[in-house]
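Q: PDB, C-alpha atoms (C1' of nucleotides), file structure_30.pdb:
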```
ATOM      1  CA  MET V1373       0.271  -0.841   5.179
ATOM      2  CA  PRO V1374       3.271  -0.473   2.954
ATOM      3  CA  GLU V1375       4.128   2.348   0.658
ATOM      4  CA  LEU V1376       7.462   2.747  -1.130
ATOM      5  CA  PRO V1377       9.644   3.281   1.988
ATOM      6  CA  GLU V1378       8.186   0.317   3.863
ATOM      7  CA  VAL V1379       8.671  -1.995   0.890
ATOM      8  CA  GLU V1380      12.240  -0.716   0.505
ATOM      9  CA  THR V1381      12.874  -1.549   4.159
ATOM     10  CA  VAL V1382      11.393  -5.026   3.795
ATOM     11  CA  LYS V1383      13.586  -5.578   0.737
ATOM     12  CA  GLU V1384      16.775  -4.510   2.481
ATOM     13  CA  THR V1385      15.992  -6.566   5.564
ATOM     14  CA  LEU V1386      15.159  -9.710   3.615
ATOM     15  CA  LYS V1387      18.348  -9.321   1.583
ATOM     16  CA  THR V1388      20.388  -9.690   4.772
ATOM     17  CA  ARG V1389      18.590 -12.915   5.649
ATOM     18  CA  ILE V1390      17.718 -15.078   2.656
ATOM     19  CA  LEU V1391      19.982 -14.177  -0.263
ATOM     20  CA  GLY V1392      21.539 -17.235  -1.893
ATOM     21  CA  LEU V1393      19.082 -19.672  -0.342
ATOM     22  CA  LYS V1394      17.121 -22.142  -2.453
ATOM     23  CA  ILE V1395      13.349 -22.635  -2.241
ATOM     24  CA  VAL V1396      13.046 -26.371  -1.511
ATOM     25  CA  ASP V1397       9.266 -26.485  -0.976
ATOM     26  CA  ILE V1398       6.227 -24.251  -0.558
ATOM     27  CA  GLU V1399       3.123 -24.735   1.571
ATOM     28  CA  ILE V1400       0.046 -22.815   0.433
ATOM     29  CA  TYR V1401      -2.669 -22.404   3.054
ATOM     30  CA  TYR V1402      -4.883 -20.019   1.072
ATOM     31  CA  PRO V1403      -5.068 -21.289  -2.510
ATOM     32  CA  LYS V1404      -6.220 -17.998  -4.012
ATOM     33  CA  MET V1405      -2.905 -16.484  -2.962
ATOM     34  CA  MET V1406      -0.736 -18.670  -5.216
ATOM     35  CA  SER V1407      -1.474 -21.290  -7.876
ATOM     36  CA  ASP V1408      -0.038 -24.805  -7.817
ATOM     37  CA  ASN V1409       1.588 -24.092 -11.158
ATOM     38  CA  THR V1410       3.429 -21.086  -9.749
ATOM     39  CA  LYS V1411       4.497 -23.185  -6.795
ATOM     40  CA  SER V1412       5.912 -25.928  -8.995
ATOM     41  CA  LEU V1413       7.947 -23.430 -10.989
ATOM     42  CA  LEU V1414       9.341 -21.811  -7.843
ATOM     43  CA  VAL V1415      10.595 -24.991  -6.222
ATOM     44  CA  ASN V1416      14.349 -25.488  -6.733
ATOM     45  CA  GLN V1417      14.865 -21.823  -7.646
ATOM     46  CA  THR V1418      17.509 -19.875  -5.729
ATOM     47  CA  ILE V1419      16.913 -16.351  -4.407
ATOM     48  CA  LEU V1420      19.705 -14.490  -6.172
ATOM     49  CA  ASP V1421      18.597 -10.960  -5.358
ATOM     50  CA  ILE V1422      15.616  -8.941  -4.161
ATOM     51  CA  SER V1423      14.547  -5.695  -5.794
ATOM     52  CA  ARG V1424      11.708  -3.218  -5.695
ATOM     53  CA  LEU V1425       9.682  -1.035  -8.040
ATOM     54  CA  GLY V1426       7.113   1.306  -6.579
ATOM     55  CA  LYS V1427       5.341  -0.719  -3.912
ATOM     56  CA  TYR V1428       6.215  -4.053  -5.531
ATOM     57  CA  LEU V1429       8.793  -6.406  -4.057
ATOM     58  CA  ILE V1430      10.598  -8.596  -6.589
ATOM     59  CA  PHE V1431      12.410 -11.836  -5.761
ATOM     60  CA  ASN V1432      14.977 -12.403  -8.504
ATOM     61  CA  LEU V1433      15.392 -16.165  -8.991
ATOM     62  CA  ASP V1434      17.373 -18.321 -11.436
ATOM     63  CA  ASP V1435      14.789 -18.397 -14.211
ATOM     64  CA  TYR V1436      11.928 -16.278 -12.881
ATOM     65  CA  ASP V1437      11.039 -13.147 -10.983
ATOM     66  CA  LEU V1438       8.419 -13.478  -8.266
ATOM     67  CA  ILE V1439       6.536 -10.196  -7.925
ATOM     68  CA  SER V1440       4.996  -9.677  -4.488
ATOM     69  CA  HIS V1441       2.567  -6.907  -3.548
ATOM     70  CA  LEU V1442       1.767  -6.508   0.137
ATOM     71  CA  ARG V1443      -1.366  -4.393  -0.444
ATOM     72  CA  MET V1444      -2.784  -3.243   2.878
ATOM     73  CA  GLU V1445      -1.418  -5.644   5.461
ATOM     74  CA  GLY V1446       1.064  -8.064   3.918
ATOM     75  CA  ARG V1447       4.177  -8.898   5.937
ATOM     76  CA  TYR V1448       7.083 -11.316   5.755
ATOM     77  CA  TYR V1449       8.442 -13.298   8.669
ATOM     78  CA  ILE V1450      11.475 -15.532   8.836
ATOM     79  CA  LYS V1451      10.895 -18.486  11.138
ATOM     80  CA  THR V1452      11.966 -22.101  11.522
ATOM     81  CA  ASP V1453       9.498 -24.707  12.713
ATOM     82  CA  GLU V1454       7.099 -22.709  14.869
ATOM     83  CA  PRO V1455       3.396 -23.490  14.368
ATOM     84  CA  VAL V1456       1.950 -21.816  11.298
ATOM     85  CA  LEU V1457      -0.333 -18.961  12.328
ATOM     86  CA  LYS V1458      -3.859 -18.259  11.127
ATOM     87  CA  HIS V1459      -2.856 -15.507   8.728
ATOM     88  CA  GLU V1460       0.321 -17.068   7.351
ATOM     89  CA  HIS V1461      -0.900 -18.045   3.898
ATOM     90  CA  VAL V1462       2.278 -19.012   2.043
ATOM     91  CA  VAL V1463       5.344 -20.650   3.606
ATOM     92  CA  PHE V1464       8.536 -20.855   1.535
ATOM     93  CA  LYS V1465      10.822 -23.557   2.908
ATOM     94  CA  LEU V1466      14.448 -22.624   2.328
ATOM     95  CA  SER V1467      17.595 -24.679   1.913
ATOM     96  CA  ASN V1468      19.048 -23.746   5.310
ATOM     97  CA  GLY V1469      15.980 -24.885   7.235
ATOM     98  CA  GLN V1470      14.507 -21.411   7.604
ATOM     99  CA  GLN V1471      11.063 -20.523   6.352
ATOM    100  CA  LEU V1472       9.980 -17.298   4.692
ATOM    101  CA  ARG V1473       6.347 -16.829   5.666
ATOM    102  CA  TYR V1474       3.879 -14.471   4.002
ATOM    103  CA  HIS V1475       1.361 -13.120   6.517
ATOM    104  CA  ASP V1476      -1.677 -11.139   5.366
ATOM    105  CA  THR V1477      -4.711 -10.568   7.573
ATOM    106  CA  ARG V1478      -6.951  -9.267   4.809
ATOM    107  CA  LYS V1479      -5.665 -11.573   2.064
ATOM    108  CA  PHE V1480      -5.318  -8.675  -0.383
ATOM    109  CA  GLY V1481      -1.710  -9.372  -1.287
ATOM    110  CA  THR V1482      -0.731 -10.830  -4.661
ATOM    111  CA  PHE V1483       2.017 -12.958  -6.202
ATOM    112  CA  ASP V1484       2.848 -12.779  -9.898
ATOM    113  CA  LEU V1485       5.478 -14.971 -11.542
ATOM    114  CA  ARG V1486       7.307 -13.825 -14.656
ATOM    115  CA  ILE V1487      10.012 -15.324 -16.810
ATOM    116  CA  LYS V1488      13.147 -13.207 -16.520
ATOM    117  CA  GLY V1489      13.127 -10.672 -19.313
ATOM    118  CA  GLU V1490       9.375 -10.230 -19.298
ATOM    119  CA  THR V1491       9.128  -8.918 -15.762
ATOM    120  CA  TYR V1492       9.168  -5.239 -16.576
ATOM    121  CA  HIS V1493       7.383  -5.512 -19.911
ATOM    122  CA  THR V1494       4.177  -7.145 -18.642
ATOM    123  CA  LYS V1495       1.545  -6.267 -16.098
ATOM    124  CA  PRO V1496       1.676  -5.247 -13.356
ATOM    125  CA  LEU V1497       5.096  -3.608 -13.496
ATOM    126  CA  SER V1498       4.716  -2.339 -17.056
ATOM    127  CA  LEU V1499       1.840  -0.142 -15.885
ATOM    128  CA  LEU V1500       3.843   1.786 -13.315
ATOM    129  CA  GLY V1501       4.833   5.398 -13.741
ATOM    130  CA  LYS V1502       8.229   6.725 -12.676
ATOM    131  CA  GLU V1503       9.121   6.932  -9.022
ATOM    132  CA  PRO V1504       9.410  10.441  -7.526
ATOM    133  CA  PHE V1505      13.210  10.102  -7.537
ATOM    134  CA  THR V1506      13.315   9.953 -11.324
ATOM    135  CA  MET V1507      10.206  11.961 -12.195
ATOM    136  CA  ASP V1508      10.959  15.232 -13.952
ATOM    137  CA  PRO V1509       8.871  18.009 -12.323
ATOM    138  CA  VAL V1510       8.000  19.542 -15.682
ATOM    139  CA  GLU V1511       6.848  16.171 -16.996
ATOM    140  CA  PHE V1512       4.731  15.746 -13.876
ATOM    141  CA  TYR V1513       3.233  19.204 -14.309
ATOM    142  CA  ASN V1514       2.349  18.451 -17.920
ATOM    143  CA  VAL V1515       0.380  15.413 -16.758
ATOM    144  CA  LEU V1516      -1.411  17.387 -14.052
ATOM    145  CA  ARG V1517      -2.508  20.048 -16.529
ATOM    146  CA  HIS V1518      -4.855  17.590 -18.203
ATOM    147  CA  LYS V1519      -6.290  15.918 -15.109
ATOM    148  CA  ASP V1520      -9.767  16.881 -13.979
ATOM    149  CA  ARG V1521      -9.407  15.081 -10.654
ATOM    150  CA  ALA V1522      -8.245  15.946  -7.157
ATOM    151  CA  ILE V1523      -4.462  16.393  -6.967
ATOM    152  CA  LYS V1524      -4.263  13.796  -4.211
ATOM    153  CA  THR V1525      -5.949  11.208  -6.434
ATOM    154  CA  VAL V1526      -3.346  11.849  -9.131
ATOM    155  CA  LEU V1527      -0.473  11.696  -6.639
ATOM    156  CA  MET V1528      -1.669   8.238  -5.578
ATOM    157  CA  ASP V1529      -2.199   6.985  -9.149
ATOM    158  CA  GLN V1530       0.541   4.385  -9.610
ATOM    159  CA  LYS V1531       0.325   4.648 -13.396
ATOM    160  CA  ILE V1532       1.312   8.307 -13.155
ATOM    161  CA  ILE V1533       3.832   8.214 -10.296
ATOM    162  CA  ALA V1534       4.770   5.065  -8.399
ATOM    163  CA  GLY V1535       5.163   4.438  -4.692
ATOM    164  CA  ILE V1536       2.977   7.020  -2.962
ATOM    165  CA  GLY V1537      -0.017   5.896  -0.887
ATOM    166  CA  ASN V1538      -2.527   7.590   1.365
ATOM    167  CA  ILE V1539      -0.182   8.519   4.219
ATOM    168  CA  TYR V1540       2.644   9.947   2.159
ATOM    169  CA  ALA V1541       0.230  11.723  -0.177
ATOM    170  CA  ASP V1542      -1.133  13.669   2.797
ATOM    171  CA  GLU V1543       2.357  14.419   4.082
ATOM    172  CA  ILE V1544       3.691  15.487   0.683
ATOM    173  CA  LEU V1545       0.737  17.782   0.003
ATOM    174  CA  TYR V1546       1.078  19.383   3.423
ATOM    175  CA  SER V1547       4.789  19.942   2.872
ATOM    176  CA  ALA V1548       4.124  21.422  -0.564
ATOM    177  CA  HIS V1549       1.310  23.644   0.785
ATOM    178  CA  VAL V1550      -1.301  22.180  -1.586
ATOM    179  CA  ARG V1551      -4.795  21.129  -0.481
ATOM    180  CA  PRO V1552      -5.605  17.488  -1.348
ATOM    181  CA  ASP V1553      -8.943  18.403  -2.972
ATOM    182  CA  ARG V1554      -7.544  20.952  -5.423
ATOM    183  CA  LYS V1555      -8.104  20.061  -9.062
ATOM    184  CA  ALA V1556      -4.850  18.723 -10.488
ATOM    185  CA  LYS V1557      -5.154  20.961 -13.536
ATOM    186  CA  ASP V1558      -5.181  24.025 -11.269
ATOM    187  CA  VAL V1559      -1.825  23.175  -9.695
ATOM    188  CA  SER V1560       0.981  25.492 -10.844
ATOM    189  CA  LEU V1561       4.378  24.478 -12.164
ATOM    190  CA  GLN V1562       5.933  25.850  -8.988
ATOM    191  CA  GLU V1563       3.607  23.733  -6.838
ATOM    192  CA  ALA V1564       4.115  20.629  -8.952
ATOM    193  CA  THR V1565       7.860  21.097  -8.583
ATOM    194  CA  TRP V1566       7.566  21.460  -4.808
ATOM    195  CA  MET V1567       5.494  18.301  -4.681
ATOM    196  CA  ILE V1568       8.158  16.257  -6.453
ATOM    197  CA  GLU V1569      10.936  17.738  -4.325
ATOM    198  CA  ARG V1570       9.038  17.147  -1.101
ATOM    199  CA  ALA V1571       8.070  13.625  -2.190
ATOM    200  CA  ARG V1572      11.743  12.792  -2.658
ATOM    201  CA  GLY V1573      12.722  14.251   0.705
ATOM    202  CA  ILE V1574       9.919  12.637   2.676
ATOM    203  CA  LEU V1575      10.271   9.197   1.102
ATOM    204  CA  GLN V1576      14.042   9.278   1.586
ATOM    205  CA  SER V1577      13.671  10.262   5.254
ATOM    206  CA  ALA V1578      11.154   7.491   5.776
ATOM    207  CA  ILE V1579      13.487   4.942   4.198
ATOM    208  CA  GLU V1580      16.273   6.039   6.517
ATOM    209  CA  ALA V1581      13.939   5.927   9.538
ATOM    210  CA  GLY V1582      12.660   2.508   8.535
ATOM    211  CA  GLY V1583      16.163   1.229   8.151
ATOM    212  CA  THR V1584      17.041   2.519  11.580
ATOM    213  CA  THR V1585      14.002   0.927  13.147
ATOM    214  CA  ILE V1586      14.650  -2.423  11.535
ATOM    215  CA  ARG V1587      18.329  -2.410  12.460
ATOM    216  CA  THR V1588      17.390  -2.151  16.122
ATOM    217  CA  TYR V1589      15.314  -5.295  15.709
ATOM    218  CA  VAL V1590      17.772  -7.386  13.748
ATOM    219  CA  SER V1591      16.948 -10.551  15.617
ATOM    220  CA  SER V1592      13.210  -9.998  15.825
ATOM    221  CA  LEU V1593      10.754 -12.265  14.076
ATOM    222  CA  GLY V1594       8.904  -9.769  11.985
ATOM    223  CA  VAL V1595       9.950  -8.065   8.829
ATOM    224  CA  THR V1596       7.151  -5.583   8.558
ATOM    225  CA  GLY V1597       8.896  -2.484   7.348
ATOM    226  CA  ARG V1598       7.004  -0.316   9.781
ATOM    227  CA  PHE V1599       8.846   2.952  10.248
ATOM    228  CA  GLN V1600       8.746   5.628  12.881
ATOM    229  CA  LEU V1601       8.577   8.953  11.143
ATOM    230  CA  THR V1602       6.713  11.861  12.657
ATOM    231  CA  LEU V1603       3.543  12.479  10.691
ATOM    232  CA  MET V1604       2.655  16.141  10.272
ATOM    233  CA  VAL V1605      -1.009  15.744   9.304
ATOM    234  CA  HIS V1606      -2.037  12.159   8.596
ATOM    235  CA  GLN V1607      -4.380  10.752  11.260
ATOM    236  CA  ARG V1608      -4.160  14.043  13.199
ATOM    237  CA  LYS V1609      -7.750  15.275  12.800
ATOM    238  CA  GLY V1610      -8.596  17.812  15.511
ATOM    239  CA  GLU V1611      -4.978  18.117  16.616
ATOM    240  CA  LEU V1612      -3.001  21.288  16.032
ATOM    241  CA  CYS V1613      -0.846  22.084  13.019
ATOM    242  CA  TYR V1614       2.804  22.112  14.065
ATOM    243  CA  ILE V1615       3.417  25.182  11.913
ATOM    244  CA  CYS V1616       0.462  27.531  12.414
ATOM    245  CA  GLY V1617      -1.424  25.999  15.355
ATOM    246  CA  ASP V1618      -4.725  25.658  13.530
ATOM    247  CA  GLU V1619      -6.817  22.503  13.756
ATOM    248  CA  ILE V1620      -6.058  19.696  11.296
ATOM    249  CA  LYS V1621      -9.108  18.903   9.159
ATOM    250  CA  LYS V1622     -10.276  15.614   7.690
ATOM    251  CA  LYS V1623     -12.094  15.248   4.389
ATOM    252  CA  ILE V1624     -12.862  12.256   2.207
ATOM    253  CA  VAL V1625     -11.210  12.731  -1.194
ATOM    254  CA  ASN V1626     -12.114  10.137  -3.791
ATOM    255  CA  GLY V1627     -13.049   7.701  -1.058
ATOM    256  CA  ARG V1628      -9.864   8.094   0.974
ATOM    257  CA  SER V1629      -9.483   9.869   4.309
ATOM    258  CA  SER V1630      -7.415  12.967   3.802
ATOM    259  CA  PHE V1631      -5.885  15.200   6.461
ATOM    260  CA  PHE V1632      -4.701  18.736   5.881
ATOM    261  CA  CYS V1633      -4.306  22.220   7.344
ATOM    262  CA  GLU V1634      -6.630  24.782   5.776
ATOM    263  CA  THR V1635      -4.267  27.590   6.715
ATOM    264  CA  CYS V1636      -0.993  26.114   5.472
ATOM    265  CA  GLN V1637      -2.403  24.445   2.375
ATOM    266  CA  SER V1638      -4.224  26.148  -0.474
TER     267      SER V1638
ATOM    268  C1'  DA N 100     -10.722   8.216 -22.496
ATOM    269  C1'  DA N 101     -11.443   9.163 -17.855
ATOM    270  C1'  DC N 102     -13.707   9.256 -13.670
ATOM    271  C1'  DG N 103     -15.955   7.449  -9.268
ATOM    272  C1'  DA N 104     -17.841   3.660  -6.843
ATOM    273  C1'  DA N 105     -17.763  -1.047  -5.700
ATOM    274  C1'  DA N 106     -15.393  -5.174  -4.759
ATOM    275  C1'  DC N 107     -11.825  -8.032  -2.680
ATOM    276  C1'  DC N 108     -11.041  -9.588   2.975
ATOM    277  C1'  DT N 109     -10.585  -9.432   8.173
ATOM    278  C1'  DG N 110     -10.213  -7.187  12.562
ATOM    279  C1'  DC N 111     -10.707  -3.370  15.619
ATOM    280  C1'  DG N 112     -12.827   0.377  18.127
ATOM    281  C1'  DC N 113     -16.877   2.766  19.115
ATOM    282  C1'  DG N 114     -21.732   3.721  20.452
ATOM    283  C1'  DC N 115     -25.844   1.761  22.133
TER     284       DC N 115
ATOM    285  C1'  DT K1326     -21.393  -8.628  27.027
ATOM    286  C1'  DG K1327     -22.932  -8.360  22.431
ATOM    287  C1'  DC K1328     -24.162  -6.344  18.090
ATOM    288  C1'  DG K1329     -23.947  -3.313  14.177
ATOM    289  C1'  DC K1330     -21.444   0.108  11.903
ATOM    290  C1'  DG K1331     -17.549   2.567  10.178
ATOM    291  C1'  DC K1332     -12.922   2.373   9.251
ATOM    292  C1'  DA K1333      -8.153   0.625   7.752
ATOM    293  C1'  DG K1334      -1.557   2.705   4.786
ATOM    294  C1'  DG K1335      -4.084  -0.752  -2.126
ATOM    295  C1'  DT K1336      -5.439  -2.103  -6.567
ATOM    296  C1'  DT K1337      -8.583  -3.847 -10.093
ATOM    297  C1'  DT K1338     -13.008  -4.057 -12.186
ATOM    298  C1'  DC K1339     -17.252  -2.259 -13.505
ATOM    299  C1'  DG K1340     -20.659   1.196 -14.840
ATOM    300  C1'  DT K1341     -21.419   5.890 -16.490
TER     301       DT K1341
END
```
Please express what this file holds, its structure, as structure tokens.

A:
Amino acid sequence: MPELPEVETVKETLKTRILGLKIVDIEIYYPKMMSDNTKSLLVNQTILDISRLGKYLIFNLDDYDLISHLRMEGRYYIKTDEPVLKHEHVVFKLSNGQQLRYHDTRKFGTFDLRIKGETYHTKPLSLLGKEPFTMDPVEFYNVLRHKDRAIKTVLMDQKIIAGIGNIYADEILYSAHVRPDRKAKDVSLQEATWMIERARGILQSAIEAGGTTIRTYVSSLGVTGRFQLTLMVHQRKGELCYICGDEIKKKIVNGRSSFFCETCQS
DNA sequence: AACGAAACCTGCGCGC
DNA sequence: TGCGCGCAGGTTTCGT
């Protein structure tokens, strides 16, 4: 589910709810999700801050950083003593009686614990490329020049540029007028520059939309980070392009569904 | 080195 | 109603 904007929204929302609270206990209902050793190190740590890099959420504690990746369907809920649901796999009990619950239908999410200071120098965070906000278009172009893969595959490669997933890749490519199945090495400097500029604009708009959506649900249970931004092409196969009126096409690119307009993108 | 496919999981919608 | 299949916004691992 979550790409960079959704994770940013989850981060901001959680910061308003659990900052300064101590983890007094943890219940693990799906052992593969978190080891007992990690649990023992987390207990008695206080949540001092929450940060984000790419699609990773990072709980900054006294002595450690807990790195959380939501993968496809991870979500956080803040509850008290309601019954624990089927897909709530990790429950962090906090010092004010609240519980931070990690919910993940497909169990793809991951937790990694790092000693402060090593967080950004070890996997997985050390593998991440720059986010679109800090990526220099010329640097990006120079990477593309050597890639014999579809441009969309490169745009979603977290080692090259961090934070973009399947939905935003489609939207960015549409906005930059580039077909998802073009070879990366055939993309021009002008196009690469548009892609970075459009990535920044679209991600920023999504963050603002997500923030708006969440703010209207301040007292709701879920902290999902779902945003309401109008999608121009993603999941619109057979519908009409808002710009030229042609039919939106769907094609599998490197195993991922990809939506685009043949007329507006080349 | 670099690429594509498979694997990790569960639930949902669709056609028969 | 029930079953099988395809599909889902991500990442890592494995084989070529």

Q: Taking the file as I've supplied it (selection: the PyMOL selection byres ((chain V) within 8 of (chain N))), which residues are included? Please answer as a PyMOL selection string.

A: chain V and resi 1477-1480+1521+1626

Q: I'd like the residues picked by the PyMOL selection byres ((chain V) within 8 of (chain K)) written out as JSON, numbers by chain, using the chain letters and numbers from the file.

A: {"V": [1373, 1374, 1375, 1443, 1444, 1537, 1538, 1539]}

Q: With the PyMOL selection byres ((chain V and resi 1387) around 10) as the selection, what would be picked from this file? Answer as a ChimeraX atom specification, please.

A: /V:1381-1386,1388-1392,1419-1423,1431

Q: Please report the interatomic distance between atom CA of V:Ile1615 and atom CA of V:Glu1543 in Å with one decimal.

A: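 Computed distance, atom CA of V:Ile1615 to atom CA of V:Glu1543, equals 13.4 Å.
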
Q: First collect every listed atom of stretch 1413-1429 of chain V; then fit an axis-aligned box around them, widen it by 8 Å on each side, and give centre and edge lengths in Å to one decimal, as AutoDock Vina command-line options.

A:
```
--center_x 12.5 --center_y -12.1 --center_z -7.5 --size_x 30.4 --size_y 42.8 --size_z 23.1
```
